[in-house]
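File shown here: input.cif, holding mmCIF, C-alpha atoms.
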data_target
#
loop_
_atom_site.label_atom_id
_atom_site.label_comp_id
_atom_site.auth_asym_id
_atom_site.auth_seq_id
_atom_site.Cartn_x
_atom_site.Cartn_y
_atom_site.Cartn_z
CA MET A 58 59.35 331.25 51.42
CA ARG A 59 55.65 332.03 52.10
CA ALA A 60 53.48 329.71 54.19
CA HIS A 61 50.46 328.13 52.47
CA PRO A 62 47.19 329.77 53.67
CA LYS A 63 45.72 326.42 54.76
CA MET A 64 48.86 325.61 56.73
CA LEU A 65 48.74 329.04 58.34
CA ALA A 66 45.07 328.61 59.28
CA ALA A 67 45.80 325.17 60.73
CA ALA A 68 48.68 326.56 62.76
CA LEU A 69 46.49 329.37 64.09
CA THR A 70 43.78 326.86 65.00
CA MET A 71 46.31 324.71 66.83
CA ASP A 72 47.57 327.80 68.68
CA SER A 73 44.00 328.68 69.72
CA VAL A 74 43.33 325.14 70.93
CA SER A 75 46.64 325.02 72.77
CA THR A 76 45.93 328.36 74.40
CA ALA A 77 42.47 327.21 75.49
CA ILE A 78 43.85 323.98 76.92
CA LEU A 79 46.61 325.87 78.72
CA LEU A 80 44.12 328.33 80.22
CA MET A 81 41.92 325.46 81.36
CA LEU A 82 44.87 323.68 82.96
CA LEU A 83 45.92 326.90 84.69
CA ALA A 84 42.37 327.36 85.99
CA LEU A 85 42.32 323.81 87.33
CA VAL A 86 45.73 324.27 88.96
CA CYS A 87 44.54 327.52 90.56
CA LEU A 88 41.42 325.77 91.77
CA PHE A 89 43.47 322.88 93.18
CA LEU A 90 45.83 325.26 94.94
CA THR A 91 42.90 327.26 96.29
CA LEU A 92 41.16 324.18 97.62
CA SER A 93 44.43 322.85 99.04
CA SER A 94 45.08 326.10 100.87
CA ARG A 95 41.67 325.79 102.40
CA GLY A 96 42.69 322.65 104.20
CA LYS A 97 43.89 324.76 107.09
CA GLY A 98 41.68 324.76 110.10
CA ARG A 99 38.89 322.37 110.98
CA LEU A 100 35.81 323.50 109.14
CA PRO A 101 32.30 322.25 109.90
CA PRO A 102 30.92 319.48 107.68
CA GLY A 103 28.69 320.08 104.71
CA PRO A 104 27.65 318.64 101.35
CA ARG A 105 30.47 317.39 99.14
CA PRO A 106 31.29 320.00 96.47
CA LEU A 107 31.92 319.41 92.77
CA PRO A 108 34.91 321.05 91.03
CA LEU A 109 34.10 324.63 89.96
CA LEU A 110 30.35 324.22 90.61
CA GLY A 111 30.73 323.59 94.34
CA ASN A 112 27.29 322.78 95.77
CA LEU A 113 25.25 324.72 93.22
CA LEU A 114 23.42 321.60 92.05
CA GLN A 115 22.02 321.25 95.59
CA LEU A 116 21.01 324.92 95.71
CA HIS A 117 18.19 326.59 93.81
CA SER A 118 19.29 330.00 92.55
CA GLN A 119 15.65 331.12 92.46
CA ASP A 120 15.45 330.62 96.22
CA MET A 121 18.92 330.39 97.72
CA LEU A 122 17.59 331.15 101.21
CA THR A 123 15.28 328.12 101.28
CA SER A 124 18.05 325.88 99.96
CA LEU A 125 20.50 327.00 102.64
CA THR A 126 17.85 326.63 105.33
CA LYS A 127 17.09 323.05 104.22
CA LEU A 128 20.80 322.18 104.37
CA SER A 129 20.90 323.41 107.97
CA LYS A 130 18.28 320.82 108.86
CA GLU A 131 20.58 318.11 107.46
CA TYR A 132 23.99 319.35 108.62
CA GLY A 133 23.06 321.36 111.71
CA PRO A 134 23.25 325.07 112.61
CA VAL A 135 26.91 325.41 111.52
CA TYR A 136 27.97 323.93 108.20
CA THR A 137 30.19 324.60 105.19
CA VAL A 138 28.90 325.10 101.67
CA HIS A 139 30.70 325.92 98.42
CA LEU A 140 29.12 328.63 96.27
CA GLY A 141 30.96 327.77 93.09
CA PRO A 142 34.65 327.83 94.04
CA ARG A 143 33.99 330.02 97.10
CA ARG A 144 33.82 328.25 100.45
CA VAL A 145 31.41 329.76 102.98
CA VAL A 146 30.45 328.82 106.52
CA VAL A 147 26.69 329.15 107.12
CA LEU A 148 25.20 329.89 110.54
CA SER A 149 21.54 329.09 111.12
CA GLY A 150 19.24 329.80 114.05
CA TYR A 151 19.32 332.35 116.84
CA GLN A 152 21.90 330.66 119.10
CA ALA A 153 24.56 330.16 116.41
CA VAL A 154 24.14 333.64 114.91
CA LYS A 155 24.14 335.28 118.34
CA GLU A 156 27.29 333.42 119.43
CA ALA A 157 29.08 334.62 116.29
CA LEU A 158 27.88 338.21 115.86
CA VAL A 159 27.48 339.12 119.55
CA ASP A 160 29.54 336.79 121.77
CA GLN A 161 32.48 336.63 119.32
CA GLY A 162 31.70 339.86 117.50
CA GLU A 163 35.35 340.90 117.17
CA GLU A 164 36.43 337.73 115.38
CA PHE A 165 33.44 337.81 113.00
CA SER A 166 33.67 341.55 112.30
CA GLY A 167 35.32 341.31 108.88
CA ARG A 168 33.36 342.31 105.81
CA GLY A 169 32.76 339.37 103.50
CA ASP A 170 32.82 339.50 99.71
CA TYR A 171 29.66 340.67 97.97
CA PRO A 172 30.86 340.82 94.35
CA VAL A 173 27.99 342.98 93.10
CA PHE A 174 29.10 345.78 95.41
CA PHE A 175 32.76 344.96 94.99
CA ASN A 176 32.54 345.50 91.22
CA PHE A 177 31.22 349.02 91.82
CA THR A 178 33.82 349.87 94.39
CA LYS A 179 36.45 349.48 92.06
CA GLY A 180 -4.84 361.28 98.54
CA ASN A 181 -8.17 361.07 96.51
CA GLY A 182 -8.76 357.53 97.27
CA GLU A 183 -7.90 356.25 93.77
CA PRO A 184 -5.87 352.96 93.77
CA PHE A 185 -2.12 353.48 93.51
CA ASP A 186 1.16 351.62 93.90
CA PRO A 187 2.91 353.14 96.94
CA THR A 188 6.43 352.11 95.87
CA PHE A 189 7.49 355.31 94.12
CA VAL A 190 5.62 357.64 96.48
CA LEU A 191 7.36 356.11 99.50
CA SER A 192 10.75 356.05 97.79
CA ARG A 193 10.67 359.77 96.99
CA SER A 194 9.84 360.71 100.56
CA VAL A 195 12.19 358.25 102.29
CA SER A 196 15.08 359.00 99.93
CA ASN A 197 14.76 362.72 100.60
CA ILE A 198 15.57 362.14 104.27
CA ILE A 199 18.96 360.57 103.63
CA CYS A 200 19.52 363.11 100.82
CA SER A 201 19.14 365.94 103.34
CA VAL A 202 21.84 364.34 105.51
CA LEU A 203 24.23 363.71 102.60
CA PHE A 204 23.56 366.74 100.39
CA GLY A 205 22.36 369.32 102.90
CA SER A 206 18.93 369.82 101.31
CA ARG A 207 15.86 367.96 100.13
CA PHE A 208 14.93 367.64 96.47
CA ASP A 209 11.64 368.75 94.99
CA TYR A 210 9.61 365.57 94.36
CA ASN A 211 9.78 366.22 90.62
CA ASP A 212 13.51 366.99 90.58
CA GLN A 213 15.08 364.83 87.89
CA ARG A 214 18.05 364.01 90.14
CA LEU A 215 15.81 362.54 92.84
CA LEU A 216 13.77 360.59 90.30
CA THR A 217 16.98 359.21 88.79
CA ILE A 218 18.37 358.20 92.20
CA ILE A 219 15.17 356.30 93.04
CA ARG A 220 14.94 354.60 89.65
CA LEU A 221 18.54 353.39 89.80
CA ILE A 222 18.31 352.19 93.41
CA ASN A 223 14.98 350.39 92.94
CA ASP A 224 16.23 348.68 89.80
CA ASN A 225 19.45 347.50 91.43
CA PHE A 226 17.70 346.21 94.55
CA GLN A 227 15.36 344.14 92.38
CA ILE A 228 18.24 342.70 90.33
CA MET A 229 20.30 341.90 93.44
CA SER A 230 17.28 340.12 94.90
CA SER A 231 16.88 337.98 91.77
CA PRO A 232 18.65 334.75 90.67
CA TRP A 233 20.89 336.85 88.42
CA GLY A 234 22.17 338.79 91.42
CA GLU A 235 22.74 335.59 93.38
CA MET A 236 24.62 333.94 90.51
CA TYR A 237 26.81 337.00 90.03
CA ASN A 238 27.93 336.74 93.64
CA VAL A 239 28.89 333.09 93.05
CA PHE A 240 30.62 333.47 89.67
CA PRO A 241 31.49 337.17 89.28
CA SER A 242 34.41 336.61 86.90
CA LEU A 243 32.31 334.44 84.57
CA LEU A 244 29.22 336.62 84.56
CA ASP A 245 31.33 339.70 83.83
CA TRP A 246 31.56 338.24 80.31
CA MET A 247 27.96 337.10 79.94
CA PRO A 248 24.90 339.09 78.84
CA GLY A 249 21.96 339.38 81.21
CA PRO A 250 20.11 341.77 83.54
CA HIS A 251 23.07 341.74 85.93
CA ARG A 252 25.01 343.94 83.52
CA ARG A 253 22.48 346.70 84.17
CA LEU A 254 23.66 346.75 87.80
CA PHE A 255 26.97 348.29 86.85
CA GLN A 256 25.48 350.68 84.33
CA ASN A 257 23.25 351.90 87.15
CA PHE A 258 26.22 352.12 89.52
CA GLY A 259 28.06 354.23 86.95
CA CYS A 260 25.11 356.58 86.44
CA MET A 261 24.75 357.00 90.19
CA LYS A 262 28.45 357.70 90.59
CA ASP A 263 28.32 360.38 87.89
CA LEU A 264 25.29 362.02 89.52
CA ILE A 265 26.95 362.07 92.95
CA ALA A 266 30.17 363.43 91.43
CA LEU A 267 28.27 366.42 90.01
CA ILE A 268 26.78 367.17 93.44
CA VAL A 269 30.24 366.84 95.04
CA ARG A 270 31.66 369.25 92.45
CA ASP A 271 29.03 371.84 93.39
CA HIS A 272 29.95 371.36 97.05
CA GLN A 273 33.64 371.89 96.32
CA ALA A 274 32.90 375.19 94.63
CA SER A 275 31.03 376.55 97.65
CA LEU A 276 32.80 374.76 100.52
CA ASP A 277 33.33 376.62 103.78
CA PRO A 278 35.44 374.35 106.04
CA THR A 279 34.37 376.32 109.13
CA SER A 280 30.68 375.73 108.47
CA PRO A 281 29.96 372.25 107.05
CA ARG A 282 26.44 371.85 105.67
CA ASP A 283 26.24 368.08 105.36
CA PHE A 284 28.10 364.77 105.09
CA ILE A 285 29.83 365.71 101.83
CA ASP A 286 31.20 368.97 103.28
CA CYS A 287 32.55 367.11 106.32
CA PHE A 288 34.21 364.51 104.11
CA LEU A 289 35.75 367.13 101.78
CA THR A 290 37.14 369.01 104.77
CA LYS A 291 38.68 365.83 106.15
CA MET A 292 40.18 365.10 102.71
CA ALA A 293 41.91 368.48 102.71
CA GLN A 294 43.20 368.03 106.25
CA GLU A 295 44.74 364.60 105.48
CA LYS A 296 45.89 365.36 101.95
CA GLN A 297 49.53 364.72 102.82
CA ASP A 298 48.86 361.56 104.82
CA PRO A 299 49.59 358.50 102.63
CA LEU A 300 47.57 356.29 105.01
CA SER A 301 44.46 358.46 104.87
CA HIS A 302 41.16 356.79 103.99
CA PHE A 303 39.64 360.06 102.84
CA HIS A 304 39.79 360.08 99.03
CA MET A 305 37.36 361.14 96.29
CA ASP A 306 36.55 357.57 95.22
CA THR A 307 35.80 356.66 98.84
CA LEU A 308 33.48 359.67 99.13
CA LEU A 309 31.55 358.69 95.99
CA MET A 310 31.20 355.03 97.01
CA THR A 311 30.28 355.80 100.63
CA THR A 312 27.67 358.33 99.54
CA HIS A 313 26.19 355.76 97.17
CA ASN A 314 26.04 353.07 99.86
CA LEU A 315 24.34 355.43 102.31
CA LEU A 316 21.83 356.45 99.64
CA PHE A 317 21.11 352.82 98.79
CA GLY A 318 20.68 351.70 102.38
CA GLY A 319 18.74 354.80 103.41
CA THR A 320 16.28 354.58 100.53
CA GLU A 321 15.47 350.99 99.71
CA THR A 322 15.27 349.12 103.01
CA VAL A 323 12.92 351.56 104.79
CA GLY A 324 10.67 351.90 101.75
CA THR A 325 10.54 348.13 101.31
CA THR A 326 9.71 347.61 105.00
CA LEU A 327 6.86 350.13 104.80
CA ARG A 328 5.40 348.32 101.78
CA HIS A 329 5.50 345.05 103.76
CA ALA A 330 3.77 346.91 106.63
CA PHE A 331 0.99 348.18 104.36
CA LEU A 332 0.31 344.65 103.12
CA ALA A 333 0.22 343.20 106.64
CA LEU A 334 -2.09 345.94 107.96
CA MET A 335 -4.51 345.46 105.06
CA LYS A 336 -4.52 341.68 105.53
CA TYR A 337 -5.16 342.08 109.26
CA PRO A 338 -7.61 345.02 109.59
CA LYS A 339 -8.07 344.37 113.33
CA VAL A 340 -4.35 345.06 113.83
CA GLN A 341 -4.64 348.25 111.78
CA ALA A 342 -7.68 349.37 113.80
CA ARG A 343 -5.92 348.75 117.12
CA VAL A 344 -2.89 350.79 116.01
CA GLN A 345 -5.20 353.65 115.00
CA GLU A 346 -7.00 353.43 118.34
CA GLU A 347 -3.65 353.79 120.13
CA ILE A 348 -2.67 356.73 117.91
CA ASP A 349 -5.97 358.48 118.66
CA HIS A 350 -5.55 357.88 122.39
CA VAL A 351 -1.92 359.02 122.69
CA VAL A 352 -1.53 361.58 119.89
CA GLY A 353 -5.03 362.59 118.86
CA ARG A 354 -5.72 364.39 115.58
CA ALA A 355 -4.58 367.94 116.41
CA ARG A 356 -0.85 367.32 115.99
CA LEU A 357 1.53 364.96 114.22
CA PRO A 358 3.14 362.05 116.10
CA THR A 359 6.62 362.60 117.54
CA LEU A 360 9.34 360.19 118.62
CA GLU A 361 8.50 360.92 122.23
CA ASP A 362 5.11 359.28 121.67
CA ARG A 363 6.64 355.87 120.97
CA ALA A 364 7.22 355.02 124.65
CA ALA A 365 3.47 355.41 125.28
CA MET A 366 2.49 353.31 122.25
CA PRO A 367 3.59 349.72 122.99
CA TYR A 368 1.18 348.06 120.54
CA THR A 369 2.28 350.24 117.61
CA ASP A 370 5.91 349.59 118.51
CA ALA A 371 5.20 345.85 118.65
CA VAL A 372 3.52 345.93 115.23
CA ILE A 373 6.49 347.69 113.65
CA HIS A 374 8.90 345.16 115.19
CA GLU A 375 6.71 342.28 114.00
CA VAL A 376 6.65 343.71 110.48
CA GLN A 377 10.44 343.80 110.47
CA ARG A 378 10.68 340.27 111.88
CA PHE A 379 8.07 338.77 109.58
CA ALA A 380 9.13 340.62 106.41
CA ASP A 381 12.81 339.85 107.10
CA VAL A 382 13.90 342.36 104.43
CA ILE A 383 17.60 341.29 104.32
CA PRO A 384 17.18 337.56 105.07
CA MET A 385 20.77 336.34 104.63
CA ASN A 386 22.47 339.46 105.99
CA LEU A 387 25.52 340.81 104.18
CA PRO A 388 28.50 338.41 104.34
CA HIS A 389 30.83 338.53 107.32
CA ARG A 390 34.41 337.29 107.47
CA VAL A 391 36.56 336.07 110.35
CA ILE A 392 39.55 338.37 110.82
CA ARG A 393 41.73 335.73 112.48
CA ASP A 394 41.82 331.96 112.96
CA THR A 395 38.71 331.47 115.09
CA ALA A 396 37.57 328.60 117.28
CA PHE A 397 33.80 328.26 116.99
CA ARG A 398 31.61 325.44 118.29
CA GLY A 399 34.40 322.89 118.16
CA PHE A 400 35.57 323.91 114.67
CA LEU A 401 38.47 326.09 113.60
CA LEU A 402 37.60 328.71 110.97
CA PRO A 403 40.77 329.93 109.21
CA LYS A 404 41.38 333.65 108.91
CA GLY A 405 39.54 335.05 105.90
CA THR A 406 36.70 332.51 105.91
CA ASP A 407 33.46 334.03 104.65
CA VAL A 408 30.42 333.54 106.88
CA ILE A 409 26.73 333.76 105.97
CA THR A 410 24.42 334.39 108.92
CA LEU A 411 20.87 333.35 108.02
CA LEU A 412 18.89 336.09 109.79
CA ASN A 413 15.76 334.43 108.41
CA THR A 414 16.37 331.43 110.67
CA VAL A 415 16.79 333.80 113.62
CA HIS A 416 13.53 335.65 112.97
CA TYR A 417 11.67 332.39 112.40
CA ASP A 418 13.31 330.43 115.23
CA PRO A 419 10.50 328.60 117.14
CA SER A 420 12.58 328.67 120.31
CA GLN A 421 12.41 332.47 120.25
CA PHE A 422 8.96 333.21 118.81
CA ARG A 423 5.78 331.35 119.74
CA THR A 424 4.22 331.35 116.26
CA PRO A 425 7.11 332.28 113.95
CA GLN A 426 5.28 331.50 110.68
CA GLU A 427 2.42 333.86 111.55
CA PHE A 428 2.24 337.64 111.65
CA ASN A 429 1.67 338.16 115.37
CA PRO A 430 2.45 341.44 117.21
CA GLU A 431 2.09 339.55 120.49
CA HIS A 432 5.66 338.33 119.91
CA PHE A 433 6.75 341.75 121.20
CA LEU A 434 4.24 342.20 124.02
CA ASP A 435 4.37 340.79 127.54
CA ALA A 436 1.47 339.55 129.68
CA ASN A 437 0.64 343.15 130.64
CA GLN A 438 0.62 344.26 126.98
CA SER A 439 3.76 346.31 127.53
CA PHE A 440 6.40 346.31 124.81
CA LYS A 441 8.85 343.42 125.16
CA LYS A 442 12.24 343.29 123.47
CA SER A 443 13.55 340.10 121.90
CA PRO A 444 17.25 339.20 121.65
CA ALA A 445 16.41 337.40 118.39
CA PHE A 446 15.29 340.63 116.68
CA MET A 447 18.11 341.33 114.20
CA PRO A 448 16.80 343.16 111.11
CA PHE A 449 19.80 345.49 111.35
CA SER A 450 22.21 342.58 111.94
CA ALA A 451 24.09 342.44 115.26
CA GLY A 452 27.55 342.86 116.76
CA ARG A 453 30.35 344.89 115.23
CA ARG A 454 28.68 345.31 111.83
CA LEU A 455 25.35 346.53 113.12
CA CYS A 456 23.66 348.71 110.48
CA LEU A 457 24.95 352.29 110.66
CA GLY A 458 21.49 353.69 109.96
CA GLU A 459 19.55 351.67 112.55
CA SER A 460 18.47 354.62 114.70
CA LEU A 461 17.44 356.72 111.67
CA ALA A 462 15.52 353.81 110.14
CA ARG A 463 13.67 353.09 113.39
CA MET A 464 12.65 356.73 113.67
CA GLU A 465 11.48 356.81 110.05
CA LEU A 466 9.40 353.64 110.36
CA PHE A 467 7.59 354.91 113.46
CA LEU A 468 6.92 358.43 112.18
CA TYR A 469 5.85 357.40 108.68
CA LEU A 470 3.50 354.66 109.82
CA THR A 471 1.86 356.61 112.63
CA ALA A 472 1.46 359.79 110.57
CA ILE A 473 -0.19 357.87 107.71
CA LEU A 474 -2.50 355.82 109.95
CA GLN A 475 -3.44 358.94 111.94
CA SER A 476 -5.15 360.42 108.88
CA PHE A 477 -5.91 357.46 106.63
CA SER A 478 -7.07 353.86 106.64
CA LEU A 479 -5.37 351.47 104.21
CA GLN A 480 -7.89 349.73 101.97
CA PRO A 481 -7.04 346.71 99.76
CA LEU A 482 -8.66 346.33 96.35
CA GLY A 483 -9.88 342.82 97.17
CA PRO A 484 -10.69 340.67 100.22
CA PRO A 485 -8.01 340.91 102.94
CA GLU A 486 -7.71 337.12 103.08
CA ASP A 487 -6.51 337.10 99.46
CA ILE A 488 -3.45 339.24 100.26
CA ASP A 489 -0.25 337.22 99.87
CA LEU A 490 2.48 338.20 102.33
CA ARG A 491 5.05 335.86 100.80
CA PRO A 492 7.91 337.73 99.11
CA LEU A 493 7.92 338.05 95.34
CA SER A 494 11.61 337.18 95.27
CA SER A 495 14.34 336.60 97.79
CA GLY A 496 18.03 337.29 97.32
CA LEU A 497 19.76 340.25 98.88
CA GLY A 498 16.27 341.36 99.88
CA ASN A 499 12.78 339.95 100.37
CA LEU A 500 10.73 341.99 97.91
CA PRO A 501 7.00 342.37 98.62
CA ARG A 502 4.60 341.49 95.83
CA PRO A 503 3.41 344.48 93.75
CA PHE A 504 0.08 345.83 94.95
CA GLN A 505 -2.24 348.80 94.84
CA LEU A 506 -4.27 350.25 97.67
CA CYS A 507 -6.70 353.03 98.44
CA LEU A 508 -6.28 355.58 101.22
CA ARG A 509 -9.56 356.42 102.92
CA ALA A 510 -9.59 359.60 105.00
CA ARG A 511 -10.53 358.92 108.61
#

The structure in this file should be written as structure tokens.
Amino acid sequence: MRAHPKMLAAALTMDSVSTAILLMLLALVCLFLTLSSRGKGRLPPGPRPLPLLGNLLQLHSQDMLTSLTKLSKEYGPVYTVHLGPRRVVVLSGYQAVKEALVDQGEEFSGRGDYPVFFNFTKGNGEPFDPTFVLSRSVSNIICSVLFGSRFDYNDQRLLTIIRLINDNFQIMSSPWGEMYNVFPSLLDWMPGPHRRLFQNFGCMKDLIALIVRDHQASLDPTSPRDFIDCFLTKMAQEKQDPLSHFHMDTLLMTTHNLLFGGTETVGTTLRHAFLALMKYPKVQARVQEEIDHVVGRARLPTLEDRAAMPYTDAVIHEVQRFADVIPMNLPHRVIRDTAFRGFLLPKGTDVITLLNTVHYDPSQFRTPQEFNPEHFLDANQSFKKSPAFMPFSAGRRLCLGESLARMELFLYLTAILQSFSLQPLGPPEDIDLRPLSSGLGNLPRPFQLCLRAR
């Protein structure tokens, strides 16, 4: 006996509705169990979360950093917030961040979830935008470490690397990037610019794989040329070790992460520096005066010159403090149940350390809202370190490329200012140093400048 078509359609509709209801109930049960399991420990207070949404209604996705900073004024330097269903402890201000990352660095050394990355791991004087020029030069430095050679500036591989990295950094610093990190499972099914992140990741992975393949064909284990050769050699040595961390996927992802970190953050910091030096021409002139006095014009600056150039060093540090390129740091995670400031953070708790509140802490910097190189100079105008200077994070997860980045910033800036003055297209007072957007990174506003030969 055949079923009537209308009856069959009704039955299918009922099945669909039942399935949807069942999935919703399962989701709510999972959420309840997740929240119940989080009852362990004694977490710091924070705003009351809503089911599924958490505290998102109290946070502005266009400016998550400002929202989190405002909450710290209400709940104190240590509080709990729910980013969707994910519970996170937020640390604000120099003292709290220092106690966690430095004093209790071991406990806070875990790597927190950052779903965007997790998804992947599975002149003539004419005005110009310096972004691409800087990126090609800066990227070539880390490329020489990873690949054993520099690319020609017009090499399609280099241009592709820069395009993909710049695009992803902009997306990750936008509300779309922030929302993906809150609701990765949901946004995996939704259209939007965030989907381009993973297309870019895939293109980058394919490009790196081709370079690795070329290395495999010409590998000499007794004479490694670069990072990839060293990694391939280690892979061969530990091939039979089931616990080895040296696998092809790890090589591809690690190479990508080093490329990303070694290209975007230094280039972005230099663009912030150009803006600040154009807005404050007296600062630029004093740096050039120090360059002329210590280095002169007959040779290029070297790293050895930095010790004799305290004002230049102070300006670079102030650029990094004021620009605050990675304002919320990458997430940390406690690796064991951890007592912290009278609370008990259960093992696995994600922690956001607001580096922005460290760099703008009035107890550590006299005029934190102003660009002021004097923050890093003592009464004798000698360079003065600050314990609240954390652009590379602090503790066990200090940025791997800190020393390379510091060298690059000094050499690039001094070499450019030795030969050129940076000229804005309009009045210096009209230059806006506020970031264009703030998420993973604080992106400087687009600008053009002229280079005038000195």

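Once Ser476 of chain A and its same-chain neighbours fewer than 3 positions away are set aside, Gly180, Gln345, Glu346, Ile348, Asp349, Val352, Gly353, Arg354, Ala355, Arg356, Leu357, Pro358, Tyr469, Leu470, Thr471, Ala472, Ile473, Leu479, Leu508, Arg509, Ala510 and Arg511 of chain A remain within 12 Å of it when counting all atoms listed in the file.
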
Written as a list in words, which residues does the PyMOL selection byres ((chain A and resi 137-144) around 6) give for the file shown?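 Output of the PyMOL selection byres ((chain A and resi 137-144) around 6): Pro101, Pro102, Gly103, Leu109, Leu110, Gly111, Asn112, Tyr136, Val145, Val146 and Val239 of chain A.
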
I want to know what sits within 10 Å of His304 of chain A, based on only C-alpha atoms, with residues of the same chain fewer than 2 positions away left out; could you give that as a PyMOL selection string? chain A and resi 288-289+291-293+295-296+301-302+306-309

Calculated over all atoms listed in the file, which of the candidates A:Leu254, A:Met261, A:Leu482, A:Leu493 has the smallest distance to Cys507 of chain A? A:Leu482

Once the PyMOL selection byres ((chain A and resi 195) around 12) has been evaluated on this model, what residues remain selected, and can you format them as a PDB file with C-alpha atoms, in the frame of the given file?
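After the write, selection-v8.pdb holds the following:
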ATOM      1  CA  PRO A 187       2.910 353.140  96.940  1.00  0.00           C
ATOM      2  CA  THR A 188       6.430 352.110  95.870  1.00  0.00           C
ATOM      3  CA  PHE A 189       7.490 355.310  94.120  1.00  0.00           C
ATOM      4  CA  VAL A 190       5.620 357.640  96.480  1.00  0.00           C
ATOM      5  CA  LEU A 191       7.360 356.110  99.500  1.00  0.00           C
ATOM      6  CA  SER A 192      10.750 356.050  97.790  1.00  0.00           C
ATOM      7  CA  ARG A 193      10.670 359.770  96.990  1.00  0.00           C
ATOM      8  CA  SER A 194       9.840 360.710 100.560  1.00  0.00           C
ATOM      9  CA  SER A 196      15.080 359.000  99.930  1.00  0.00           C
ATOM     10  CA  ASN A 197      14.760 362.720 100.600  1.00  0.00           C
ATOM     11  CA  ILE A 198      15.570 362.140 104.270  1.00  0.00           C
ATOM     12  CA  ILE A 199      18.960 360.570 103.630  1.00  0.00           C
ATOM     13  CA  CYS A 200      19.520 363.110 100.820  1.00  0.00           C
ATOM     14  CA  SER A 201      19.140 365.940 103.340  1.00  0.00           C
ATOM     15  CA  VAL A 202      21.840 364.340 105.510  1.00  0.00           C
ATOM     16  CA  ARG A 207      15.860 367.960 100.130  1.00  0.00           C
ATOM     17  CA  PHE A 208      14.930 367.640  96.470  1.00  0.00           C
ATOM     18  CA  TYR A 210       9.610 365.570  94.360  1.00  0.00           C
ATOM     19  CA  LEU A 215      15.810 362.540  92.840  1.00  0.00           C
ATOM     20  CA  ILE A 218      18.370 358.200  92.200  1.00  0.00           C
ATOM     21  CA  ILE A 219      15.170 356.300  93.040  1.00  0.00           C
ATOM     22  CA  LEU A 316      21.830 356.450  99.640  1.00  0.00           C
ATOM     23  CA  PHE A 317      21.110 352.820  98.790  1.00  0.00           C
ATOM     24  CA  GLY A 318      20.680 351.700 102.380  1.00  0.00           C
ATOM     25  CA  GLY A 319      18.740 354.800 103.410  1.00  0.00           C
ATOM     26  CA  THR A 320      16.280 354.580 100.530  1.00  0.00           C
ATOM     27  CA  GLU A 321      15.470 350.990  99.710  1.00  0.00           C
ATOM     28  CA  THR A 322      15.270 349.120 103.010  1.00  0.00           C
ATOM     29  CA  VAL A 323      12.920 351.560 104.790  1.00  0.00           C
ATOM     30  CA  GLY A 324      10.670 351.900 101.750  1.00  0.00           C
ATOM     31  CA  THR A 325      10.540 348.130 101.310  1.00  0.00           C
ATOM     32  CA  THR A 326       9.710 347.610 105.000  1.00  0.00           C
ATOM     33  CA  LEU A 327       6.860 350.130 104.800  1.00  0.00           C
ATOM     34  CA  LEU A 461      17.440 356.720 111.670  1.00  0.00           C
ATOM     35  CA  ALA A 462      15.520 353.810 110.140  1.00  0.00           C
ATOM     36  CA  MET A 464      12.650 356.730 113.670  1.00  0.00           C
ATOM     37  CA  GLU A 465      11.480 356.810 110.050  1.00  0.00           C
ATOM     38  CA  LEU A 466       9.400 353.640 110.360  1.00  0.00           C
ATOM     39  CA  LEU A 468       6.920 358.430 112.180  1.00  0.00           C
ATOM     40  CA  TYR A 469       5.850 357.400 108.680  1.00  0.00           C
TER      41      TYR A 469
END

For the structure shown, which residues end up in the PyMOL selection byres ((chain A and resi 382) around 9)? Put them as JSON, numbers by chain, please? {"A": [322, 325, 326, 329, 377, 378, 379, 380, 381, 383, 384, 448, 495, 497, 498, 499, 500]}

Using the selection just defined, write its residues with C-alpha atoms as a short mmCIF file (atom, residue, chain, number, x, y, z; two decimals), in the frame of the given file.
data_model
loop_
_atom_site.label_atom_id
_atom_site.label_comp_id
_atom_site.auth_asym_id
_atom_site.auth_seq_id
_atom_site.Cartn_x
_atom_site.Cartn_y
_atom_site.Cartn_z
CA THR A 322 15.27 349.12 103.01
CA THR A 325 10.54 348.13 101.31
CA THR A 326 9.71 347.61 105.00
CA HIS A 329 5.50 345.05 103.76
CA GLN A 377 10.44 343.80 110.47
CA ARG A 378 10.68 340.27 111.88
CA PHE A 379 8.07 338.77 109.58
CA ALA A 380 9.13 340.62 106.41
CA ASP A 381 12.81 339.85 107.10
CA ILE A 383 17.60 341.29 104.32
CA PRO A 384 17.18 337.56 105.07
CA PRO A 448 16.80 343.16 111.11
CA SER A 495 14.34 336.60 97.79
CA LEU A 497 19.76 340.25 98.88
CA GLY A 498 16.27 341.36 99.88
CA ASN A 499 12.78 339.95 100.37
CA LEU A 500 10.73 341.99 97.91
#

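If you look at atom CA of Asn257 of chain A and atom CA of His313 of chain A, they are 11.1 Å away from each other.
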
Can you check which parts of segment 98-198 of chain A lie within 10 Å of segment 418-431 of chain A? Per residue, the shortest pair of atoms and distance in Å to one decimal, counting only C-alpha atoms, sorted by chain and number, as CSV.
residue,atom,partner,partner_atom,distance
A:Ser149,CA,A:Asp418,CA,9.3
A:Gly150,CA,A:Asp418,CA,6.1
A:Tyr151,CA,A:Asp418,CA,6.5
A:Gln152,CA,A:Asp418,CA,9.4

Keeping only C-alpha atoms, write those residues as an mmCIF file, in the frame of the given file.
data_model
loop_
_atom_site.group_PDB
_atom_site.id
_atom_site.type_symbol
_atom_site.label_atom_id
_atom_site.label_comp_id
_atom_site.auth_asym_id
_atom_site.auth_seq_id
_atom_site.Cartn_x
_atom_site.Cartn_y
_atom_site.Cartn_z
ATOM 1 C CA SER A 149 21.540 329.090 111.120
ATOM 2 C CA GLY A 150 19.240 329.800 114.050
ATOM 3 C CA TYR A 151 19.320 332.350 116.840
ATOM 4 C CA GLN A 152 21.900 330.660 119.100
#
